[in-house]
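J.: Could you have a look at this structure, given as structure tokens, before my questions?
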Amino acid sequence: MTQNKNSVDGGTLFFRDRDWHPPALTPGYKTSTTRAPFRPLIAMPSTLSEETGPAFGHSMFGELDNNLILNFTGQPAVGERIILHGRILDENGRGVPGVLVEIWQANAGGRYRHKKDGYLAPLDPNFGGCGRTLSRPDGSYEFLTIRPGAYPWPNRVNDWRPMHIHISVFGSGFGQRLITQNYFEGDPLIARCPIVNTIGKEEAIRALVAPLDMNRALPMDCLAYKFDVVLRGRRQSFFENKREGM
Amino acid sequence: MQRLDYLKETPSQTAGPYVHIGLTPNKLGNAGIYPADLGESPIRPGAKGERVTISGEVRDGAGMILRDTLIETWQADAAGIYPANDPRGAADPEVTGWARIIADFDTGEWTLRTIRPGRVPFPDGRLMAPHIALWIVARGINLGLQTRIYFEDEDNDSCPVLQRIEHRERVRTLIARKTAPGAYRFDVRLQGENETVFFDM
């Protein structure tokens with residue numbers, strides 16, 4: 001049997017379920033109305049350009065990169081201390097190692113350290129708001145941070161974002177690239193949020209809500225929330241690796 | 001009936017207006033957390049191949065230039081080998097292939113300085129024309145947009161991906177215009193007239 005060198009070992013990427021993701025045009029989230037493509041996407045199976053992707057090594061990480069409580073000034077940030085942890089998996093259910101996970105978030109008062117954010121809640125001088133790590137051999141990852149505050153945003157007159165952390169993940173292929181947001185169990189603002197509700201399916205929204213995980217909380221120190229991220233899977237078939245006529 | 005026990009991909013959410021905090025904190029002015037932003041360049045000084053500079057802007061359906069967009073690029077080396085996971089062998093060690101670029105906060109202009117990639121095979125073995133894969137995110141974009149930069153001065157007609165685009169007049173939205181030796185222009189239109197071709201691959 002001849003290995004097809006025009007496709008990555010482990011196969012073509014699974015097709016994206018576009019009914020599960022939010023569509024591009026979601027009028028409840030006003031900015032999408034001028035930024036959504038109107039023409040249909042050109043759909044076809046992945047090629048090497050999507051099946052390969054950048055690789056990241058341990059050497060680029062600093063000791064405090066995944067500790068948002070301390071990584072800005074070395075002095076602790078204000079807020080409810082939490083561990084955010086979980087696994088990076090693929091649709092086959094396997095842990096994906098070596099994935100670059102980057103997060104960013106508002107501070108405990110709901111204010112971002114960004115020149116475009118003018119919300120009246122103050123900046124925390126000890127909170128930068130970003131962190132990064134590499135998933136371990138079993139796909140697991142972990143951050144120490146503070147729980148971000150909710151904040152108002154200009155959409156409808158009185159829209160508020162639920163508490164959330166932005167999460168960016170790479171797979172082993174550029175076609176697996178994904179950015180999402182994690183929400184927190186029990187937050188009443190989730191159901192009211194136009195950005196959350198760009199997602200049409202209730203079950204898909206639930207996949208973004210991190211449950212409180214008391215088994216990982218540290219007594220007298222911090223609470224914990226668990227958030228798994230699932231990347232597009234790869235199709236593995238011996239038939240696919242077989243050349244025509246062989 | 002047995003159960004298919006696949007997981008579902010995590011649903012996407014917009015990168016939002018503050019994406020720079022997480023992905024390019026130094027360019028935002030939040031220095032001191034990371035020594036440098038990731039993806040500063042897809043090549044190192046010794047990379048083989050022709051140097052090219054590609055500039056552009058991203059406009060919305062109202063013709064406004066996006067000043068909050070972030071683009072990632074992924075490309076092969078000059079010989080057409082990808083720098084990671086490529087089953088055909090090792091790429092030029094001076095090519096990382098990946099860059100993360102942002103629109104200028106004032107003008108919206110972005111610039112990619114790289115090498116011209118080589119041709120990469122389509123799954124059936126035919127060669128795709130040289131291209132750079134793009135992934136575009138911003139406030140108002142619910143799921144990152146996949147597109148490609150092709151080059152005006154290459155044989156694009158034989159590319160099996162471009163051949164799949166039924167409305168032929170749209171192909172030119174994927175082709176960077178040569179503006180000077182080694183310089184190209186690639187503007188993205190998210191919506192409306194001359195809307196850029198986006199892929200689901």
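Ligands are numbered from 1 in the order shown, residues from 1 within each chain, and chains are lettered A, B, ... in the order they appear in the structure tokens.
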What residues in chain B lie within 7 Å of chain A, counting only C-alpha atoms, written as a PyMOL selection string?
T.: chain B and resi 6-15+18+21-22+32-33+60-62+82+84-88+98+121-123+125+133+140-143+165+190-192+198-201
J.: Could you pull the residues within 7 Å of Ala150 of chain A, counting only C-alpha atoms, minus those fewer than 3 positions along the same chain, as a list in words?
T.: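 Close residues of Ala150 of chain A: Gly110, Trp160, Arg161, Pro162 and Met163 of chain A.
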J.: With only C-alpha atoms as the basis for distance, which of A:Phe184, A:Ala224, A:Arg81, A:Ser140 is at the shortest distance from Val209 of chain A?
T.: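 Closest to Val209 of chain A, using only C-alpha atoms: A:Phe184.
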J.: Restricting the calculation to only C-alpha atoms, which member of B:Gly56, B:Gly144, B:Pro130, B:Gly182 is positioned closest to Thr111 of chain B?
T.: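 Checking each of B:Gly56, B:Gly144, B:Pro130, B:Gly182 against Thr111 of chain B, counting only C-alpha atoms, the winner is B:Gly56.
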J.: Please give the complete set of residues from chain B that DSSP, run on the backbone, assigns to strand (DSSP E), formatted as a VMD selection string.
T.: chain B and resid 51 to 56 58 to 59 70 to 74 98 to 102 110 to 115 120 to 121 127 to 128 131 to 137 145 to 151 175 to 180 183 to 185 188 to 189 199 to 200
J.: Skip Lys27 of chain B itself and residues of its chain fewer than 3 positions away, then list as a list in words all residues within 12 Å of it, counting only C-alpha atoms.
T.: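 Near Lys27 of chain B, the qualifying residues are His114 and Lys115 of chain A; Val19, His20, Ile21, Gly22, Leu23, Thr24, Asn30, Ala31, Gly32, Ile33, Tyr34, Pro35, Ala36, Asp37, Leu38, Gly39, Glu40, Leu70, Arg100, Ile101, Ile102, Ala103, Asp104 and Phe105 of chain B.
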J.: Excluding Pro83 of chain B and residues on its chain fewer than 4 positions from it, collect all residues at most 7 Å away from it, counting only C-alpha atoms, and give them as a list in words.
T.: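 Here the answer would be Ala76, Ala90, Ala91, Val95, Thr96 and Gly97 of chain B.
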J.: Mind giving me the straight-line distance from atom CA of Arg87 of chain A to atom CA of His58 of chain A in Å, one decimal?
T.: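 Answer for the atom CA of Arg87 of chain A to atom CA of His58 of chain A separation: 17.6 Å.
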J.: As an MDAnalysis selection string, please: the residues near Gln163 of chain B (cut-off 12 Å, only C-alpha atoms, same-chain neighbours under 3 positions excluded).
T.: (chainID A and resid 42 44) or (chainID B and resid 122 126:129 156:160 166:171)
J.: Hey, can you spit out that residue selection with N, CA, C and O atoms as a CSV table (one decimal), in the first residue's frame?
T.:
```csv
chain,number,residue,atom,x,y,z
A,42,ILE,N,-16.9,28.8,-0.8
A,42,ILE,CA,-16.5,27.8,-1.7
A,42,ILE,C,-16.0,26.6,-0.9
A,42,ILE,O,-15.0,26.6,-0.2
A,44,MET,N,-14.8,22.7,-0.2
A,44,MET,CA,-14.1,21.5,-0.8
A,44,MET,C,-13.3,20.8,0.3
A,44,MET,O,-13.0,21.5,1.4
B,122,PHE,N,-2.3,19.4,-4.7
B,122,PHE,CA,-3.7,19.1,-4.3
B,122,PHE,C,-3.7,17.6,-3.9
B,122,PHE,O,-2.8,16.9,-4.3
B,126,ARG,N,-2.2,16.9,-8.6
B,126,ARG,CA,-2.0,18.1,-9.4
B,126,ARG,C,-1.5,19.2,-8.5
B,126,ARG,O,-1.7,19.3,-7.3
B,127,LEU,N,-0.7,20.2,-9.1
B,127,LEU,CA,-0.1,21.2,-8.3
B,127,LEU,C,-1.1,22.4,-8.2
B,127,LEU,O,-1.7,22.9,-9.2
B,128,MET,N,-1.2,22.9,-7.0
B,128,MET,CA,-1.9,24.2,-6.7
B,128,MET,C,-1.0,25.3,-7.1
B,128,MET,O,0.3,25.2,-6.9
B,129,ALA,N,-1.5,26.4,-7.6
B,129,ALA,CA,-0.6,27.6,-7.8
B,129,ALA,C,-0.1,28.1,-6.5
B,129,ALA,O,-0.8,27.9,-5.4
B,156,ASN,N,-2.1,30.7,-12.6
B,156,ASN,CA,-3.2,30.4,-11.7
B,156,ASN,C,-4.3,29.6,-12.4
B,156,ASN,O,-5.1,29.0,-11.7
B,157,ASP,N,-4.4,29.6,-13.7
B,157,ASP,CA,-5.4,28.9,-14.4
B,157,ASP,C,-5.4,27.4,-14.2
B,157,ASP,O,-6.5,26.8,-14.2
B,158,SER,N,-4.3,26.8,-13.9
B,158,SER,CA,-4.2,25.4,-13.7
B,158,SER,C,-4.4,25.0,-12.3
B,158,SER,O,-4.4,23.8,-12.0
B,159,CYS,N,-4.7,25.9,-11.4
B,159,CYS,CA,-4.8,25.6,-9.9
B,159,CYS,C,-6.1,24.9,-9.7
B,159,CYS,O,-7.2,25.4,-10.0
B,160,PRO,N,-6.1,23.6,-9.2
B,160,PRO,CA,-7.3,22.9,-9.0
B,160,PRO,C,-8.3,23.5,-8.0
B,160,PRO,O,-9.5,23.2,-8.1
B,166,GLU,N,-17.0,28.5,-9.5
B,166,GLU,CA,-17.9,28.5,-10.6
B,166,GLU,C,-18.0,29.8,-11.3
B,166,GLU,O,-18.0,30.0,-12.5
B,167,HIS,N,-18.2,30.9,-10.5
B,167,HIS,CA,-18.3,32.2,-11.0
B,167,HIS,C,-16.9,32.8,-11.3
B,167,HIS,O,-16.3,33.3,-10.4
B,168,ARG,N,-16.5,32.6,-12.5
B,168,ARG,CA,-15.1,32.9,-12.8
B,168,ARG,C,-14.6,34.3,-12.5
B,168,ARG,O,-13.4,34.5,-12.2
B,169,GLU,N,-15.5,35.2,-12.6
B,169,GLU,CA,-15.1,36.6,-12.4
B,169,GLU,C,-14.7,36.9,-10.9
B,169,GLU,O,-14.1,37.8,-10.6
B,170,ARG,N,-15.1,35.9,-10.0
B,170,ARG,CA,-14.7,36.1,-8.6
B,170,ARG,C,-13.3,35.6,-8.3
B,170,ARG,O,-12.7,36.0,-7.3
B,171,VAL,N,-12.7,34.9,-9.2
B,171,VAL,CA,-11.3,34.4,-9.0
B,171,VAL,C,-10.4,35.5,-8.7
B,171,VAL,O,-9.5,35.4,-7.9
```
J.: If I take atom CA of Ala180 of chain B and atom CA of Phe151 of chain B, how far is one from the other in Å, to one decimal?
T.: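 So the two atoms, atom CA of Ala180 of chain B and atom CA of Phe151 of chain B, lie 12.7 Å apart.
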J.: So that I can check the surroundings of segment 47-50 of chain B, please list as number ranges by chain every protein, DNA and RNA residue that reaches within 7 Å of it, counting only C-alpha atoms and ignoring chain neighbours fewer than 6 positions away.
T.: B: 78, 92, 94-95, 115-116
J.: Any idea what the distance is between atom CA of Asn126 of chain A and atom CA of Phe170 of chain A?
T.: 28.3 Å
J.: I need the residues of segment 36-183 of chain A that end up classed as helix (DSSP H, G or I) by DSSP on the backbone, written out as a list in words.
T.: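 Across segment 36-183 of chain A, those assigned helix (DSSP H, G or I) are Leu48, Ser49, Glu50, Glu51, His58, Ser59, Met60, Phe174, Gly175 and Gln176 of chain A.
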